[in-house]
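S.K.: Below: one structure in structure tokens.
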Amino acid sequence: MKKTERINDLLIFLNNKRTFNLKDLMERYNISKSTALRDIQSLEQIGMPIYSELGRNGRYEILDSSILSPVFFTVDEMYGLYFSLLTLNGYKTKPFEIENIALENKFKNVLPENVRNNISIMNQVLSLEVTNHSNFSPYLKEILQGIFTEKVYCLTYSKKETNKQMVAQFIRIHSKFGQWYAKIFNIKTEKIQILRCDKILLITETNDFKSKKLEVLLDYLDNFHKEPNAIDFTVIVNKQGKDIFDKENYPSMKIQSDNENFIITGYFNKAEEDFIANYFLKFGQSINSIIPVMLKKLIYDKAKSIEMHLNSL
């Protein structure tokens, strides 16, 4: 049995065990004491939490702080896993930043040499188109763990250069257009809100408020966004406008074909006027018509302010 096969089998053999000794390994794999010791070193290098105890047979104890995965991977599955790791490179911050680095190191340590060489080549020749996440979001891990455990937090966040506070429970995090966003339940207003994760300055757990079950909060998400005074819009664009829409759009919008044109329909809330004006400003001359007129004026005013700024330079 090759060493890589033996190490994989060791992971399965030791899964759910709390103790073992050198004699166990020597007899199971018909190997010498020195080989068994080297195998234990390999297990430690890939992160198995073990420590030795004094004894003639070399007794070892496995800490219960980790989960060992008794899984064999084919070569193509190994490539697939590493490809998945590469897709994370465009993110400045990830929910499990340090763990991802450790995972990659462990992954490489157990690979056969030929697979390791091919993965090294993959790093050099494979280029993935990802949206660059330039802003740092320090609390992604805490947010995700808070979702799992249904915790309530006191949040401090930045809004228009002012620090604000909120008591909230996290429901979901997602990545879009180079930013991490969190959907949260505001405990005091009992409304769903969206925060950019890099704007969150401090998270403190609190037991002063009762949390809601995650499945209840997820049910709220379907219709949380549209407010009673929301404004519906219809914007007709050409093929170039469709390409712009395909690159960036939001759940409150949809598009459908109409002969040579495309109809974008949706809504925006009163507090989102600046956002919607900036969004459709990107469409430029690809726009053929805009309803309602007030949306047209919002876009026009935004373009006018940019023109005035440029003229002042």
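As shown in the structure tokens, the chain order sets the letters A, B, ...; within each chain, residues go from 1, and ligands are also counted from 1 in the order they appear.
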Once DSSP has gone over the backbone, tell me which residues of stretch 94-274 of chain A are in helix (DSSP H, G or I), as a ChimeraX atom specification.

M.R.: /A:97-109,113-125,140-149,197-199,214-223,239-247,270-274

S.K.: Could you name the residues that touch A:Lys226 at 9 Å or less, counting only C-alpha atoms, but leaving out those on the same chain fewer than 6 positions away, as a compact mmCIF listing (two decimals) with N, CA, C and O atoms, in the first residue's frame?

M.R.:
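What ended up in around.txt:
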```txt
# COMPACT_ATOMS: atom_id res chain seq x y z
N SER A 252 -35.58 42.98 -7.34
CA SER A 252 -36.77 43.79 -7.57
C SER A 252 -36.99 44.11 -9.05
O SER A 252 -37.89 44.86 -9.40
N TYR A 267 -39.53 47.85 -9.29
CA TYR A 267 -39.99 48.89 -8.38
C TYR A 267 -38.82 49.38 -7.54
O TYR A 267 -37.77 48.73 -7.45
N PHE A 268 -38.98 50.56 -6.95
CA PHE A 268 -38.02 51.06 -5.96
C PHE A 268 -38.77 51.78 -4.86
O PHE A 268 -39.83 52.37 -5.09
N ASN A 269 -38.24 51.71 -3.66
CA ASN A 269 -38.85 52.39 -2.52
C ASN A 269 -38.40 53.84 -2.46
O ASN A 269 -37.42 54.23 -3.11
```

S.K.: If you run DSSP on the backbone, which residues of stretch 118-261 of chain A are strand (DSSP E), as a ChimeraX atom specification?

M.R.: /A:153-159,162-176,179-186,191-196,200-205,231-237,253-258,261

S.K.: Report, in Å to a single decimal, how far apart atom CA of A:Asn123 and atom CA of A:Lys2 are.

M.R.: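 Value for the atom CA of A:Lys2-atom CA of A:Asn123 distance: 26.6 Å.
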
S.K.: Looking at only C-alpha atoms, which of A:Phe224, A:Phe283, A:Thr206, A:Leu218 is the one that sits closest to A:Asp246?

M.R.: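 The answer is A:Phe283, which sits nearest to A:Asp246.
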
S.K.: Between A:Leu11, A:Leu144, A:Val75, A:Ser175, which one has atoms that come closest to A:Pro112, using only C-alpha atoms?

M.R.: A:Val75

S.K.: Write out as an MDAnalysis selection string each polymer residue whose atoms come within 12 Å of stretch 303-312 of chain A, counting only C-alpha atoms; drop sequence neighbours fewer than 6 positions from it.

M.R.: chainID A and resid 274 277:284 296:297

S.K.: Mind checking which residues fall within 7 Å of A:Ser211, counting only C-alpha atoms, ignoring those fewer than 6 positions away in the same chain, and posting them as a VMD selection string?

M.R.: chain A and resid 150 to 152

S.K.: Tell me, in Å to one decimal, how far atom CA of A:Gln256 is from atom CA of A:Ile173.

M.R.: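 Computed distance, atom CA of A:Gln256 to atom CA of A:Ile173, equals 28.2 Å.
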
S.K.: Rounded to one decimal in Å, what is the spacing between atom CA of A:Ile203 and atom CA of A:Cys154?

M.R.: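 Those two atoms sit 6.0 Å apart.
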
S.K.: Need the shell around A:Gly241: protein/DNA/RNA residues with any atom at most 9 Å away, counting only C-alpha atoms. Skip same-chain ones fewer than 4 positions apart. Format as a list of chain:residue names?

M.R.: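 Counting only the stated atoms, we get A:Ile236, A:Val237, A:Phe245, A:Asp246, A:Asn261, A:Phe262, A:Phe283, A:Gly284, A:Gln285, A:Ser286, A:Ile287.
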
S.K.: Using only C-alpha atoms, which of A:Ile31, A:Cys197, A:Ile299, A:Ile276 sits nearest A:Trp180?

M.R.: A:Cys197

S.K.: Using only C-alpha atoms, which residue out of A:Leu43, A:Arg116, A:Met26, A:Ser52 lies closest to A:Met78?

M.R.: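 For A:Met78, the nearest of the given residues is A:Arg116.
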
S.K.: Write out as a compact mmCIF listing (two decimals) with all heavy atoms, in the first residue's frame which residues come within 12 Å of A:Phe170 when counting only C-alpha atoms, dropping same-chain ones fewer than 4 positions away.

M.R.:
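As written to disk, selection.txt reads:
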```txt
# COMPACT_ATOMS: atom_id res chain seq x y z
N TYR A 139 -16.27 40.74 9.90
CA TYR A 139 -17.17 39.96 10.74
C TYR A 139 -17.93 38.87 9.99
O TYR A 139 -18.95 38.38 10.47
CB TYR A 139 -18.17 40.89 11.44
CG TYR A 139 -17.53 41.82 12.44
CD1 TYR A 139 -17.41 43.17 12.17
CD2 TYR A 139 -17.05 41.34 13.65
CE1 TYR A 139 -16.82 44.03 13.09
CE2 TYR A 139 -16.45 42.18 14.58
CZ TYR A 139 -16.34 43.53 14.29
OH TYR A 139 -15.74 44.38 15.19
N LEU A 140 -17.48 38.47 8.82
CA LEU A 140 -18.21 37.48 8.04
C LEU A 140 -18.37 36.16 8.78
O LEU A 140 -19.44 35.54 8.77
CB LEU A 140 -17.52 37.24 6.69
CG LEU A 140 -17.51 38.42 5.70
CD1 LEU A 140 -16.79 38.00 4.43
CD2 LEU A 140 -18.92 38.88 5.40
N LYS A 141 -17.32 35.71 9.43
CA LYS A 141 -17.38 34.44 10.16
C LYS A 141 -18.39 34.53 11.31
O LYS A 141 -19.21 33.64 11.50
CB LYS A 141 -15.99 34.08 10.69
CG LYS A 141 -15.95 32.75 11.44
CD LYS A 141 -14.52 32.43 11.85
CE LYS A 141 -14.46 31.12 12.62
NZ LYS A 141 -13.06 30.78 13.02
N GLU A 142 -18.33 35.63 12.07
CA GLU A 142 -19.24 35.81 13.19
C GLU A 142 -20.69 35.90 12.71
O GLU A 142 -21.60 35.36 13.35
CB GLU A 142 -18.88 37.08 13.97
CG GLU A 142 -17.62 36.96 14.82
CD GLU A 142 -16.35 37.14 14.01
OE1 GLU A 142 -16.44 37.32 12.77
OE2 GLU A 142 -15.26 37.09 14.62
N ILE A 143 -20.90 36.57 11.56
CA ILE A 143 -22.25 36.69 11.01
C ILE A 143 -22.80 35.32 10.66
O ILE A 143 -23.93 34.96 11.01
CB ILE A 143 -22.25 37.61 9.78
CG1 ILE A 143 -21.96 39.05 10.19
CG2 ILE A 143 -23.59 37.54 9.05
CD1 ILE A 143 -21.73 39.99 9.01
N LEU A 144 -22.00 34.51 9.96
CA LEU A 144 -22.45 33.19 9.54
C LEU A 144 -22.72 32.29 10.74
O LEU A 144 -23.72 31.57 10.79
CB LEU A 144 -21.41 32.57 8.61
CG LEU A 144 -21.85 31.35 7.80
CD1 LEU A 144 -23.07 31.67 6.95
CD2 LEU A 144 -20.71 30.87 6.91
N GLN A 145 -21.83 32.34 11.72
CA GLN A 145 -22.03 31.53 12.92
C GLN A 145 -23.26 32.01 13.70
O GLN A 145 -23.98 31.21 14.30
CB GLN A 145 -20.77 31.58 13.80
CG GLN A 145 -19.60 30.83 13.18
CD GLN A 145 -18.32 30.97 13.98
OE1 GLN A 145 -18.11 31.97 14.67
NE2 GLN A 145 -17.45 29.97 13.89
N GLY A 146 -23.51 33.33 13.68
CA GLY A 146 -24.70 33.86 14.33
C GLY A 146 -25.98 33.38 13.68
O GLY A 146 -26.99 33.17 14.35
N ILE A 147 -25.93 33.20 12.36
CA ILE A 147 -27.09 32.65 11.64
C ILE A 147 -27.34 31.22 12.09
O ILE A 147 -28.47 30.82 12.37
CB ILE A 147 -26.88 32.73 10.12
CG1 ILE A 147 -26.84 34.19 9.66
CG2 ILE A 147 -27.98 31.98 9.38
CD1 ILE A 147 -26.47 34.38 8.20
N PHE A 148 -26.26 30.41 12.15
CA PHE A 148 -26.40 29.01 12.56
C PHE A 148 -27.04 28.90 13.95
O PHE A 148 -27.90 28.06 14.18
CB PHE A 148 -25.03 28.32 12.61
CG PHE A 148 -24.33 28.22 11.29
CD1 PHE A 148 -22.95 28.09 11.23
CD2 PHE A 148 -25.03 28.25 10.10
CE1 PHE A 148 -22.29 28.00 10.02
CE2 PHE A 148 -24.39 28.15 8.89
CZ PHE A 148 -23.02 28.03 8.85
N THR A 149 -26.57 29.76 14.87
CA THR A 149 -26.95 29.62 16.28
C THR A 149 -28.11 30.52 16.68
O THR A 149 -28.50 30.54 17.85
CB THR A 149 -25.74 29.94 17.18
OG1 THR A 149 -25.21 31.23 16.83
CG2 THR A 149 -24.64 28.91 17.00
N GLU A 150 -28.65 31.30 15.71
CA GLU A 150 -29.82 32.16 15.93
C GLU A 150 -29.59 33.14 17.08
O GLU A 150 -30.41 33.31 17.97
CB GLU A 150 -31.07 31.30 16.20
CG GLU A 150 -31.41 30.38 15.03
CD GLU A 150 -32.54 29.41 15.34
OE1 GLU A 150 -32.89 29.28 16.53
OE2 GLU A 150 -33.07 28.80 14.39
N LYS A 151 -28.44 33.83 17.02
CA LYS A 151 -28.09 34.80 18.06
C LYS A 151 -28.59 36.20 17.71
O LYS A 151 -28.75 36.54 16.54
CB LYS A 151 -26.57 34.83 18.26
CG LYS A 151 -26.00 33.57 18.90
CD LYS A 151 -24.50 33.68 19.07
CE LYS A 151 -23.92 32.42 19.73
NZ LYS A 151 -22.45 32.50 19.85
N VAL A 152 -28.79 37.00 18.75
CA VAL A 152 -29.14 38.41 18.59
C VAL A 152 -27.91 39.25 18.93
O VAL A 152 -27.21 38.96 19.90
CB VAL A 152 -30.33 38.79 19.50
CG1 VAL A 152 -30.64 40.29 19.38
CG2 VAL A 152 -31.56 37.97 19.15
N TYR A 153 -27.67 40.29 18.12
CA TYR A 153 -26.48 41.12 18.30
C TYR A 153 -26.85 42.60 18.41
O TYR A 153 -27.83 43.07 17.81
CB TYR A 153 -25.52 40.97 17.12
CG TYR A 153 -24.91 39.59 16.98
CD1 TYR A 153 -25.44 38.67 16.09
CD2 TYR A 153 -23.80 39.23 17.72
CE1 TYR A 153 -24.88 37.41 15.95
CE2 TYR A 153 -23.22 37.97 17.59
CZ TYR A 153 -23.77 37.08 16.70
OH TYR A 153 -23.21 35.83 16.56
N CYS A 154 -26.01 43.32 19.16
CA CYS A 154 -26.01 44.78 19.10
C CYS A 154 -24.97 45.16 18.04
O CYS A 154 -23.80 44.78 18.15
CB CYS A 154 -25.62 45.38 20.45
SG CYS A 154 -26.84 45.12 21.73
N LEU A 155 -25.42 45.87 17.02
CA LEU A 155 -24.54 46.23 15.91
C LEU A 155 -24.22 47.72 15.94
O LEU A 155 -25.08 48.54 16.23
CB LEU A 155 -25.21 45.92 14.56
CG LEU A 155 -25.77 44.52 14.33
CD1 LEU A 155 -26.37 44.44 12.94
CD2 LEU A 155 -24.68 43.48 14.50
N MET A 166 -27.95 49.29 16.22
CA MET A 166 -29.15 48.50 15.93
C MET A 166 -29.06 47.17 16.68
O MET A 166 -27.96 46.62 16.86
CB MET A 166 -29.24 48.23 14.42
CG MET A 166 -30.45 47.42 13.99
SD MET A 166 -30.27 46.79 12.29
CE MET A 166 -29.80 48.25 11.39
N HIS A 174 -24.81 37.42 1.41
CA HIS A 174 -24.58 37.09 0.00
C HIS A 174 -23.58 38.07 -0.60
O HIS A 174 -23.36 39.16 -0.07
CB HIS A 174 -25.90 37.12 -0.79
CG HIS A 174 -26.52 38.47 -0.93
ND1 HIS A 174 -27.29 39.04 0.06
CD2 HIS A 174 -26.50 39.37 -1.94
CE1 HIS A 174 -27.71 40.23 -0.33
NE2 HIS A 174 -27.24 40.46 -1.54
N TYR A 181 -23.10 41.50 1.46
CA TYR A 181 -24.30 42.09 2.05
C TYR A 181 -24.89 41.13 3.07
O TYR A 181 -24.82 39.90 2.91
CB TYR A 181 -25.35 42.39 0.98
CG TYR A 181 -24.93 43.45 -0.02
CD1 TYR A 181 -24.26 43.10 -1.19
CD2 TYR A 181 -25.19 44.80 0.20
CE1 TYR A 181 -23.87 44.05 -2.11
CE2 TYR A 181 -24.81 45.77 -0.72
CZ TYR A 181 -24.15 45.39 -1.88
OH TYR A 181 -23.77 46.34 -2.78
N ALA A 182 -25.51 41.69 4.12
CA ALA A 182 -26.21 40.88 5.12
C ALA A 182 -27.67 41.31 5.18
O ALA A 182 -27.97 42.51 5.24
CB ALA A 182 -25.56 41.06 6.49
N LYS A 183 -28.55 40.34 5.15
CA LYS A 183 -29.97 40.60 5.40
C LYS A 183 -30.22 40.32 6.87
O LYS A 183 -29.86 39.25 7.38
CB LYS A 183 -30.85 39.72 4.51
CG LYS A 183 -30.81 40.14 3.05
CD LYS A 183 -31.72 39.29 2.19
CE LYS A 183 -31.66 39.76 0.73
NZ LYS A 183 -32.46 38.90 -0.17
N ILE A 184 -30.81 41.30 7.55
CA ILE A 184 -30.97 41.21 8.99
C ILE A 184 -32.40 41.51 9.40
O ILE A 184 -33.14 42.18 8.67
CB ILE A 184 -30.02 42.17 9.73
CG1 ILE A 184 -30.34 43.61 9.33
CG2 ILE A 184 -28.57 41.85 9.43
CD1 ILE A 184 -29.59 44.63 10.11
N PHE A 185 -32.78 41.03 10.57
CA PHE A 185 -34.08 41.33 11.16
C PHE A 185 -33.85 42.32 12.29
O PHE A 185 -33.19 42.02 13.29
CB PHE A 185 -34.73 40.06 11.70
CG PHE A 185 -36.06 40.30 12.35
CD1 PHE A 185 -37.19 40.59 11.59
CD2 PHE A 185 -36.20 40.23 13.73
CE1 PHE A 185 -38.42 40.80 12.18
CE2 PHE A 185 -37.42 40.44 14.34
CZ PHE A 185 -38.53 40.73 13.56
N ASN A 186 -34.36 43.55 12.11
CA ASN A 186 -34.25 44.58 13.14
C ASN A 186 -35.23 44.25 14.26
O ASN A 186 -36.44 44.26 14.06
CB ASN A 186 -34.56 45.95 12.52
CG ASN A 186 -34.28 47.10 13.48
OD1 ASN A 186 -34.59 47.02 14.66
ND2 ASN A 186 -33.72 48.17 12.96
N ILE A 187 -34.70 43.94 15.43
CA ILE A 187 -35.53 43.48 16.54
C ILE A 187 -36.54 44.53 16.96
O ILE A 187 -37.71 44.23 17.24
CB ILE A 187 -34.66 43.08 17.75
CG1 ILE A 187 -33.73 41.92 17.38
CG2 ILE A 187 -35.52 42.71 18.95
CD1 ILE A 187 -34.41 40.63 17.08
N LYS A 191 -38.54 44.71 11.18
CA LYS A 191 -38.45 44.79 9.72
C LYS A 191 -37.14 44.20 9.25
O LYS A 191 -36.14 44.19 9.98
CB LYS A 191 -38.58 46.23 9.25
CG LYS A 191 -39.96 46.84 9.44
CD LYS A 191 -40.02 48.24 8.84
CE LYS A 191 -41.43 48.82 8.96
NZ LYS A 191 -41.51 50.20 8.38
N ILE A 192 -37.15 43.73 8.00
CA ILE A 192 -35.93 43.23 7.37
C ILE A 192 -35.17 44.40 6.77
O ILE A 192 -35.74 45.27 6.14
CB ILE A 192 -36.26 42.21 6.26
CG1 ILE A 192 -37.13 41.08 6.80
CG2 ILE A 192 -34.98 41.65 5.66
CD1 ILE A 192 -36.46 40.19 7.80
N GLN A 193 -33.85 44.41 6.96
CA GLN A 193 -32.99 45.43 6.37
C GLN A 193 -31.78 44.76 5.71
O GLN A 193 -31.49 43.59 5.98
CB GLN A 193 -32.51 46.42 7.43
CG GLN A 193 -33.62 47.26 8.04
CD GLN A 193 -33.12 48.22 9.10
OE1 GLN A 193 -33.68 48.33 10.19
NE2 GLN A 193 -32.05 48.93 8.79
N ILE A 194 -31.10 45.52 4.87
CA ILE A 194 -29.88 45.04 4.22
C ILE A 194 -28.73 45.96 4.62
O ILE A 194 -28.85 47.18 4.54
CB ILE A 194 -30.01 45.01 2.69
CG1 ILE A 194 -31.12 44.03 2.27
CG2 ILE A 194 -28.69 44.59 2.04
CD1 ILE A 194 -31.36 43.99 0.78
N LEU A 195 -27.63 45.36 5.07
CA LEU A 195 -26.44 46.13 5.42
C LEU A 195 -25.26 45.63 4.60
O LEU A 195 -25.12 44.42 4.38
CB LEU A 195 -26.09 45.96 6.90
CG LEU A 195 -26.89 46.72 7.95
CD1 LEU A 195 -26.32 46.44 9.33
CD2 LEU A 195 -26.89 48.21 7.68
N CYS A 197 -21.66 44.52 4.54
CA CYS A 197 -20.91 43.95 5.64
C CYS A 197 -19.67 44.76 6.01
O CYS A 197 -19.28 44.78 7.19
CB CYS A 197 -20.51 42.50 5.31
SG CYS A 197 -21.93 41.39 5.22
N ILE A 203 -19.75 44.05 16.43
CA ILE A 203 -20.82 43.09 16.71
C ILE A 203 -20.65 42.60 18.15
O ILE A 203 -19.59 42.11 18.52
CB ILE A 203 -20.76 41.89 15.76
CG1 ILE A 203 -21.07 42.32 14.32
CG2 ILE A 203 -21.73 40.81 16.19
CD1 ILE A 203 -21.01 41.18 13.32
N GLU A 205 -22.74 40.22 21.07
CA GLU A 205 -23.90 39.37 21.36
C GLU A 205 -24.66 39.91 22.57
O GLU A 205 -24.06 40.41 23.53
CB GLU A 205 -23.42 37.94 21.64
CG GLU A 205 -24.57 36.96 21.87
CD GLU A 205 -24.07 35.56 22.18
OE1 GLU A 205 -22.85 35.31 22.05
OE2 GLU A 205 -24.91 34.72 22.57
N SER A 211 -34.52 35.66 20.47
CA SER A 211 -34.28 35.46 19.04
C SER A 211 -35.44 34.72 18.40
O SER A 211 -36.25 34.08 19.08
CB SER A 211 -32.99 34.67 18.83
OG SER A 211 -33.12 33.36 19.34
N LYS A 212 -35.50 34.81 17.07
CA LYS A 212 -36.51 34.09 16.30
C LYS A 212 -35.87 32.89 15.62
O LYS A 212 -34.67 32.88 15.35
CB LYS A 212 -37.14 35.01 15.24
CG LYS A 212 -38.04 36.08 15.82
CD LYS A 212 -38.73 36.85 14.71
CE LYS A 212 -39.71 37.87 15.26
NZ LYS A 212 -40.87 37.25 15.93
N LYS A 213 -36.66 31.88 15.35
CA LYS A 213 -36.17 30.71 14.63
C LYS A 213 -35.78 31.12 13.21
O LYS A 213 -36.47 31.94 12.58
CB LYS A 213 -37.24 29.62 14.59
CG LYS A 213 -37.50 28.96 15.93
CD LYS A 213 -36.30 28.14 16.37
CE LYS A 213 -36.57 27.40 17.66
NZ LYS A 213 -35.36 26.65 18.12
N LEU A 214 -34.71 30.54 12.70
CA LEU A 214 -34.21 30.89 11.38
C LEU A 214 -35.26 30.62 10.31
O LEU A 214 -35.42 31.43 9.38
CB LEU A 214 -32.92 30.14 11.07
CG LEU A 214 -32.30 30.41 9.70
CD1 LEU A 214 -31.97 31.88 9.53
CD2 LEU A 214 -31.05 29.56 9.50
N LEU A 217 -37.61 33.52 10.06
CA LEU A 217 -37.01 34.69 9.43
C LEU A 217 -36.86 34.50 7.93
O LEU A 217 -37.05 35.45 7.15
CB LEU A 217 -35.64 34.98 10.06
CG LEU A 217 -35.67 35.41 11.54
CD1 LEU A 217 -34.25 35.61 12.05
CD2 LEU A 217 -36.47 36.69 11.71
N LEU A 218 -36.52 33.30 7.50
CA LEU A 218 -36.38 33.05 6.06
C LEU A 218 -37.71 33.22 5.33
O LEU A 218 -37.75 33.67 4.18
CB LEU A 218 -35.84 31.64 5.83
CG LEU A 218 -34.36 31.42 6.20
CD1 LEU A 218 -33.99 29.94 6.12
CD2 LEU A 218 -33.45 32.25 5.30
N LEU A 221 -38.41 36.81 4.14
CA LEU A 221 -37.62 37.40 3.05
C LEU A 221 -38.37 37.53 1.74
O LEU A 221 -38.03 38.38 0.91
CB LEU A 221 -36.35 36.57 2.82
CG LEU A 221 -35.31 36.58 3.94
CD1 LEU A 221 -34.11 35.75 3.54
CD2 LEU A 221 -34.89 38.00 4.28
```
